[in-house]
Amino acid sequence: MTSKASAEKPQESEQSEVSLLRRFLREPLLHFLILASGLFVAQGMIGGDEREVIVVDSEAQKYLFSQEEDLRLRPLTESDKQRIVDTFIEEEILVREAKARGFTDSSRVRALLVQNMRFFIGSDVPEPTEDQLRAHFEGNLDTFTSPPSLDLNHVMFSDPDTVPDGILDALNQAEDPSAIGDLDTRLGYRLRFLDQRRLVGLFGVEPAKDLLAVTEDDRDWRGPYLSPAGSIHFLRVINRNPPRTPTYELAKDWISTHWLSAKSNELLDAALADVRHNYVVVVESVEGGRND
């Protein structure tokens with residue numbers, strides 16, 4: 001491997017450690033432990049109030065904010081942070097209400113409890129009419145418009161130690177780059193319509209920034225990028241796709257699903273308003289962020 005590739009190894013090791021930490025932080029049990037750690041403080045704050053206590057711990061907020069900033073590739077606004085905290089509180093109420101309705105035995109993971117409760121509350125939404133769907137589509141065109149995206153050529157090496165010397169030069173000169181590297185059965189040799197969030201999810205924050213900054217006339221291969229799974233990736237931007245709005249006919253199934261989801265959320269909001277008074281919510285202050 002070239003000296004450049006060798007210089008990447010400390011960075012790759014650091015990225016691997018960060019990847020492991022992120023996977024650990026995604027564990028539902030850790031989120032519950034972080035939440036529970038503030039309960040004793042909260043109980044002291046509310047005295048004899050017998051309502052259930054929901055604590056939004058400052059460390060949990062920092063993690064949620066950081067995760068969302070990585071996906072958006074920009075700092076969050078105070079409005080963004082407020083929505084994240086509100087969503088966390090709503091999901092915690094749903095988890096507790098789900099347990100109260102007997103979902104505990106079959107669903108012990110937070111996401112499943114929330115999903116079950118959403119279905120339980122929103123299952124009575126009737127099928128929409130054609131007129132309702134068309135009105136919903138016309139009133140939410142931004143929702144049905146795809147974000148800008150990239151088409152990419154892709155070469156992967158499952159083992160970082162097998163990346164040959166001069167790999168970027170070889171790729172830039174190759175007539176058939178698919179003959180280089182290992183077959184990535186999940187992604188293949190050509191990736192289409194990767195928007196910002198998918199780029200971050202597949203390759204990480206810094207690679208996504210690098211690829212999105214590629215100019216129109218730049219057709220060179222870029223890398224190496226160390227994925228969260230530990231493999232090495234080389235990518236070339238071959239096309240930029242502008243935002244696209246589909247016709248009603250092409251998007252009809254999606255529109256129906258979105259309409260049902262919106263109506264279910266209306267029922268969910270009403271149900272949450274009915275039970276919210278059963279809980280005391282404590283949102284810890286975050287240094288440099290929002291205060292409640």
# chains A, B, ... in the order shown; residues from 1 in each chain; ligands from 1

call {"tool": "closest_atom_pairs", "arguments": {"of": "range 98-192 of chain A", "to": "range 251-262 of chain A", "cutoff": "9 Å", "atoms": "only C-alpha atoms", "output": "CSV"}}
result
residue,atom,partner,partner_atom,distance
A:Gly122,CA,A:Ser261,CA,8.3
A:Val125,CA,A:Leu260,CA,6.8
A:Pro126,CA,A:Leu260,CA,8.2
A:Glu127,CA,A:Leu260,CA,7.6
A:Pro128,CA,A:Ser256,CA,7.2
A:Gln132,CA,A:Trp259,CA,8.5
A:Leu133,CA,A:Ser256,CA,6.4
A:Arg134,CA,A:Ile255,CA,8.4
A:His136,CA,A:Trp259,CA,6.9
A:Phe137,CA,A:Ile255,CA,6.5
A:Phe144,CA,A:Ile255,CA,8.0

call {"tool": "write_last_selection", "arguments": {"atoms": "C-alpha atoms", "output": "mmCIF file, in the first residue's frame"}}
result
data_model
loop_
_atom_site.group_PDB
_atom_site.id
_atom_site.type_symbol
_atom_site.label_atom_id
_atom_site.label_comp_id
_atom_site.auth_asym_id
_atom_site.auth_seq_id
_atom_site.Cartn_x
_atom_site.Cartn_y
_atom_site.Cartn_z
ATOM 1 C CA GLY A 122 -54.555 4.909 14.525
ATOM 2 C CA VAL A 125 -58.739 5.546 10.031
ATOM 3 C CA PRO A 126 -61.062 4.891 7.048
ATOM 4 C CA GLU A 127 -59.763 4.439 3.507
ATOM 5 C CA PRO A 128 -59.417 7.789 1.699
ATOM 6 C CA GLN A 132 -59.100 13.342 -0.615
ATOM 7 C CA LEU A 133 -55.938 11.809 -2.059
ATOM 8 C CA ARG A 134 -55.695 14.358 -4.875
ATOM 9 C CA HIS A 136 -53.589 15.745 -0.103
ATOM 10 C CA PHE A 137 -51.102 15.455 -2.961
ATOM 11 C CA PHE A 144 -43.581 14.071 -2.358
#

call {"tool": "select_by_dssp", "arguments": {"residues": "range 107-271 of chain A", "states": "strand (DSSP E)", "output": "tab-separated table (two decimals) with all heavy atoms, in the first residue's frame"}}
result
chain	number	residue	atom	x	y	z
A	149	SER	N	-29.89	14.23	-5.29
A	149	SER	CA	-29.19	12.98	-5.01
A	149	SER	C	-28.04	12.78	-6.00
A	149	SER	O	-27.91	13.52	-6.98
A	149	SER	CB	-30.15	11.79	-5.09
A	149	SER	OG	-30.68	11.65	-6.40
A	150	LEU	N	-27.22	11.78	-5.72
A	150	LEU	CA	-26.06	11.46	-6.54
A	150	LEU	C	-26.16	10.04	-7.07
A	150	LEU	O	-26.67	9.15	-6.38
A	150	LEU	CB	-24.76	11.59	-5.74
A	150	LEU	CG	-24.42	12.95	-5.12
A	150	LEU	CD1	-23.13	12.84	-4.31
A	150	LEU	CD2	-24.32	14.03	-6.17
A	151	ASP	N	-25.65	9.82	-8.28
A	151	ASP	CA	-25.38	8.48	-8.80
A	151	ASP	C	-23.87	8.28	-8.71
A	151	ASP	O	-23.09	9.18	-9.06
A	151	ASP	CB	-25.83	8.34	-10.25
A	151	ASP	CG	-27.34	8.44	-10.41
A	151	ASP	OD1	-28.06	8.25	-9.41
A	151	ASP	OD2	-27.78	8.70	-11.54
A	152	LEU	N	-23.45	7.10	-8.26
A	152	LEU	CA	-22.04	6.86	-7.99
A	152	LEU	C	-21.57	5.53	-8.57
A	152	LEU	O	-22.32	4.55	-8.57
A	152	LEU	CB	-21.77	6.83	-6.47
A	152	LEU	CG	-22.24	8.03	-5.64
A	152	LEU	CD1	-22.21	7.67	-4.16
A	152	LEU	CD2	-21.36	9.23	-5.90
A	153	ASN	N	-20.32	5.50	-9.05
A	153	ASN	CA	-19.62	4.24	-9.24
A	153	ASN	C	-19.00	3.85	-7.91
A	153	ASN	O	-18.60	4.72	-7.12
A	153	ASN	CB	-18.51	4.37	-10.29
A	153	ASN	CG	-19.07	4.42	-11.70
A	153	ASN	OD1	-18.58	5.16	-12.54
A	153	ASN	ND2	-20.09	3.63	-11.98
A	154	HIS	N	-18.88	2.55	-7.68
A	154	HIS	CA	-18.50	2.08	-6.35
A	154	HIS	C	-17.58	0.87	-6.44
A	154	HIS	O	-17.86	-0.08	-7.18
A	154	HIS	CB	-19.78	1.71	-5.58
A	154	HIS	CG	-19.56	1.02	-4.28
A	154	HIS	ND1	-20.18	-0.17	-3.94
A	154	HIS	CD2	-18.77	1.33	-3.23
A	154	HIS	CE1	-19.80	-0.53	-2.73
A	154	HIS	NE2	-18.94	0.34	-2.28
A	155	VAL	N	-16.48	0.93	-5.70
A	155	VAL	CA	-15.58	-0.22	-5.55
A	155	VAL	C	-15.31	-0.40	-4.07
A	155	VAL	O	-15.05	0.57	-3.34
A	155	VAL	CB	-14.26	-0.01	-6.32
A	155	VAL	CG1	-13.19	-1.00	-5.87
A	155	VAL	CG2	-14.49	-0.14	-7.81
A	156	MET	N	-15.35	-1.65	-3.62
A	156	MET	CA	-15.21	-1.96	-2.20
A	156	MET	C	-14.12	-3.01	-1.98
A	156	MET	O	-13.95	-3.93	-2.77
A	156	MET	CB	-16.55	-2.46	-1.65
A	156	MET	CG	-16.56	-2.76	-0.15
A	156	MET	SD	-16.09	-4.46	0.29
A	156	MET	CE	-17.48	-5.40	-0.32
A	157	PHE	N	-13.39	-2.84	-0.88
A	157	PHE	CA	-12.44	-3.86	-0.40
A	157	PHE	C	-12.87	-4.25	1.01
A	157	PHE	O	-12.89	-3.40	1.91
A	157	PHE	CB	-11.01	-3.32	-0.38
A	157	PHE	CG	-10.44	-3.07	-1.75
A	157	PHE	CD1	-10.64	-1.85	-2.38
A	157	PHE	CD2	-9.71	-4.05	-2.40
A	157	PHE	CE1	-10.13	-1.61	-3.65
A	157	PHE	CE2	-9.19	-3.82	-3.67
A	157	PHE	CZ	-9.41	-2.60	-4.29
A	190	ARG	N	-22.73	0.10	-8.82
A	190	ARG	CA	-23.32	1.39	-9.18
A	190	ARG	C	-24.44	1.71	-8.21
A	190	ARG	O	-25.35	0.90	-8.00
A	190	ARG	CB	-23.84	1.38	-10.61
A	190	ARG	CG	-24.48	2.70	-11.01
A	190	ARG	CD	-24.62	2.82	-12.50
A	190	ARG	NE	-25.28	4.07	-12.88
A	190	ARG	CZ	-25.18	4.63	-14.07
A	190	ARG	NH1	-24.43	4.07	-15.00
A	190	ARG	NH2	-25.82	5.75	-14.34
A	191	LEU	N	-24.37	2.89	-7.62
A	191	LEU	CA	-25.36	3.33	-6.64
A	191	LEU	C	-26.15	4.49	-7.24
A	191	LEU	O	-25.56	5.44	-7.75
A	191	LEU	CB	-24.67	3.78	-5.34
A	191	LEU	CG	-23.62	2.82	-4.78
A	191	LEU	CD1	-22.99	3.40	-3.54
A	191	LEU	CD2	-24.25	1.47	-4.48
A	192	ARG	N	-27.46	4.42	-7.14
A	192	ARG	CA	-28.30	5.44	-7.76
A	192	ARG	C	-29.18	6.14	-6.73
A	192	ARG	O	-29.65	5.54	-5.76
A	192	ARG	CB	-29.19	4.83	-8.84
A	192	ARG	CG	-28.42	4.15	-9.97
A	192	ARG	CD	-29.27	3.98	-11.20
A	192	ARG	NE	-29.68	5.27	-11.75
A	192	ARG	CZ	-30.67	5.43	-12.63
A	192	ARG	NH1	-31.39	4.39	-13.00
A	192	ARG	NH2	-30.97	6.62	-13.10
A	193	PHE	N	-29.38	7.44	-6.97
A	193	PHE	CA	-30.30	8.27	-6.18
A	193	PHE	C	-29.97	8.23	-4.68
A	193	PHE	O	-30.86	8.05	-3.85
A	193	PHE	CB	-31.74	7.84	-6.42
A	193	PHE	CG	-32.17	7.92	-7.86
A	193	PHE	CD1	-32.45	6.77	-8.58
A	193	PHE	CD2	-32.25	9.15	-8.50
A	193	PHE	CE1	-32.83	6.84	-9.91
A	193	PHE	CE2	-32.63	9.24	-9.84
A	193	PHE	CZ	-32.92	8.08	-10.55
A	194	LEU	N	-28.70	8.42	-4.35
A	194	LEU	CA	-28.31	8.50	-2.94
A	194	LEU	C	-28.41	9.96	-2.49
A	194	LEU	O	-27.63	10.81	-2.93
A	194	LEU	CB	-26.88	7.99	-2.73
A	194	LEU	CG	-26.61	6.51	-2.96
A	194	LEU	CD1	-25.24	6.14	-2.43
A	194	LEU	CD2	-27.67	5.64	-2.31
A	222	ARG	N	-12.68	8.88	-5.70
A	222	ARG	CA	-12.33	9.46	-4.40
A	222	ARG	C	-12.31	8.36	-3.35
A	222	ARG	O	-13.05	7.38	-3.44
A	222	ARG	CB	-13.33	10.56	-4.02
A	222	ARG	CG	-13.52	11.60	-5.12
A	222	ARG	CD	-14.54	12.65	-4.73
A	222	ARG	NE	-13.97	13.62	-3.81
A	222	ARG	CZ	-13.25	14.66	-4.20
A	222	ARG	NH1	-12.99	14.86	-5.50
A	222	ARG	NH2	-12.79	15.52	-3.32
A	223	GLY	N	-11.50	8.56	-2.33
A	223	GLY	CA	-11.38	7.59	-1.25
A	223	GLY	C	-9.94	7.56	-0.74
A	223	GLY	O	-9.12	8.37	-1.16
A	224	PRO	N	-9.61	6.65	0.15
A	224	PRO	CA	-10.48	5.58	0.67
A	224	PRO	C	-11.42	6.10	1.76
A	224	PRO	O	-11.08	6.98	2.52
A	224	PRO	CB	-9.46	4.60	1.28
A	224	PRO	CG	-8.31	5.47	1.70
A	224	PRO	CD	-8.22	6.57	0.67
A	225	TYR	N	-12.63	5.53	1.81
A	225	TYR	CA	-13.61	5.82	2.85
A	225	TYR	C	-13.82	4.56	3.68
A	225	TYR	O	-14.14	3.50	3.12
A	225	TYR	CB	-14.94	6.25	2.24
A	225	TYR	CG	-14.87	7.47	1.36
A	225	TYR	CD1	-15.35	7.43	0.05
A	225	TYR	CD2	-14.33	8.65	1.82
A	225	TYR	CE1	-15.30	8.54	-0.77
A	225	TYR	CE2	-14.27	9.78	1.01
A	225	TYR	CZ	-14.75	9.72	-0.28
A	225	TYR	OH	-14.70	10.83	-1.09
A	226	LEU	N	-13.65	4.68	4.97
A	226	LEU	CA	-13.87	3.55	5.86
A	226	LEU	C	-15.32	3.54	6.30
A	226	LEU	O	-15.80	4.49	6.93
A	226	LEU	CB	-12.95	3.65	7.08
A	226	LEU	CG	-13.10	2.56	8.14
A	226	LEU	CD1	-12.65	1.20	7.57
A	226	LEU	CD2	-12.29	2.90	9.39
A	232	ILE	N	-13.44	-0.86	3.11
A	232	ILE	CA	-12.91	0.32	2.46
A	232	ILE	C	-13.65	0.55	1.14
A	232	ILE	O	-13.83	-0.38	0.35
A	232	ILE	CB	-11.41	0.17	2.18
A	232	ILE	CG1	-10.64	0.07	3.50
A	232	ILE	CG2	-10.88	1.33	1.35
A	232	ILE	CD1	-10.65	1.34	4.32
A	233	HIS	N	-14.05	1.79	0.89
A	233	HIS	CA	-14.84	2.11	-0.30
A	233	HIS	C	-14.19	3.23	-1.09
A	233	HIS	O	-13.64	4.19	-0.52
A	233	HIS	CB	-16.26	2.52	0.10
A	233	HIS	CG	-17.00	1.47	0.86
A	233	HIS	ND1	-17.92	0.64	0.26
A	233	HIS	CD2	-16.95	1.11	2.16
A	233	HIS	CE1	-18.40	-0.20	1.16
A	233	HIS	NE2	-17.84	0.07	2.32
A	234	PHE	N	-14.27	3.11	-2.42
A	234	PHE	CA	-13.85	4.15	-3.34
A	234	PHE	C	-15.06	4.50	-4.21
A	234	PHE	O	-15.78	3.61	-4.68
A	234	PHE	CB	-12.69	3.67	-4.21
A	234	PHE	CG	-11.44	3.42	-3.43
A	234	PHE	CD1	-11.21	2.18	-2.84
A	234	PHE	CD2	-10.49	4.43	-3.25
A	234	PHE	CE1	-10.07	1.94	-2.10
A	234	PHE	CE2	-9.34	4.19	-2.51
A	234	PHE	CZ	-9.13	2.95	-1.94
A	235	LEU	N	-15.29	5.79	-4.42
A	235	LEU	CA	-16.51	6.23	-5.09
A	235	LEU	C	-16.20	7.31	-6.12
A	235	LEU	O	-15.25	8.09	-5.96
A	235	LEU	CB	-17.51	6.78	-4.06
A	235	LEU	CG	-18.01	5.77	-3.02
A	235	LEU	CD1	-18.53	6.48	-1.78
A	235	LEU	CD2	-19.09	4.87	-3.62
A	236	ARG	N	-17.03	7.35	-7.16
A	236	ARG	CA	-16.91	8.38	-8.20
A	236	ARG	C	-18.31	8.90	-8.51
A	236	ARG	O	-19.23	8.12	-8.81
A	236	ARG	CB	-16.27	7.80	-9.46
A	236	ARG	CG	-16.23	8.79	-10.62
A	236	ARG	CD	-15.42	8.28	-11.79
A	236	ARG	NE	-15.99	7.04	-12.35
A	236	ARG	CZ	-15.46	6.41	-13.39
A	236	ARG	NH1	-14.35	6.85	-13.94
A	236	ARG	NH2	-16.03	5.32	-13.86
A	237	VAL	N	-18.45	10.21	-8.44
A	237	VAL	CA	-19.74	10.83	-8.77
A	237	VAL	C	-19.90	10.84	-10.29
A	237	VAL	O	-19.05	11.39	-11.01
A	237	VAL	CB	-19.82	12.27	-8.23
A	237	VAL	CG1	-21.14	12.92	-8.65
A	237	VAL	CG2	-19.69	12.27	-6.70
A	238	ILE	N	-20.95	10.22	-10.78
A	238	ILE	CA	-21.18	10.16	-12.23
A	238	ILE	C	-22.41	10.95	-12.67
A	238	ILE	O	-22.58	11.23	-13.85
A	238	ILE	CB	-21.31	8.70	-12.71
A	238	ILE	CG1	-22.40	7.95	-11.95
A	238	ILE	CG2	-19.97	7.99	-12.59
A	238	ILE	CD1	-22.64	6.54	-12.44
A	239	ASN	N	-23.25	11.32	-11.70
A	239	ASN	CA	-24.44	12.09	-12.08
A	239	ASN	C	-25.03	12.77	-10.86
A	239	ASN	O	-24.99	12.22	-9.75
A	239	ASN	CB	-25.49	11.18	-12.72
A	239	ASN	CG	-26.62	11.95	-13.37
A	239	ASN	OD1	-26.38	12.98	-14.02
A	239	ASN	ND2	-27.84	11.50	-13.19
A	240	ARG	N	-25.56	13.95	-11.09
A	240	ARG	CA	-26.28	14.68	-10.03
A	240	ARG	C	-27.76	14.73	-10.42
A	240	ARG	O	-28.09	15.20	-11.52
A	240	ARG	CB	-25.74	16.10	-9.87
A	240	ARG	CG	-24.32	16.15	-9.32
A	240	ARG	CD	-23.79	17.58	-9.30
A	240	ARG	NE	-22.49	17.63	-8.68
A	240	ARG	CZ	-22.28	17.74	-7.37
A	240	ARG	NH1	-23.32	17.81	-6.55
A	240	ARG	NH2	-21.07	17.79	-6.89
A	241	ASN	N	-28.62	14.29	-9.54
A	241	ASN	CA	-30.06	14.27	-9.82
A	241	ASN	C	-30.75	15.42	-9.09
A	241	ASN	O	-30.66	15.52	-7.86
A	241	ASN	CB	-30.67	12.94	-9.35
A	241	ASN	CG	-29.97	11.74	-9.97
A	241	ASN	OD1	-29.92	11.60	-11.17
A	241	ASN	ND2	-29.40	10.89	-9.12

call {"tool": "atom_distance", "arguments": {"atom1": "CA of Glu266 in chain A", "atom2": "CA of Val56 in chain A"}}
result
24.1 Å

call {"tool": "closest_residue", "arguments": {"among": "A:Leu183, A:Val114, A:Ala213, A:Glu175", "to": "Ile93 in chain A", "atoms": "only C-alpha atoms"}}
result
A:Val114

call {"tool": "closest_residue", "arguments": {"among": "A:Asp161, A:Asp274, A:Glu52, A:Asp220", "to": "Gln173 in chain A", "atoms": "only C-alpha atoms"}}
result
A:Asp220
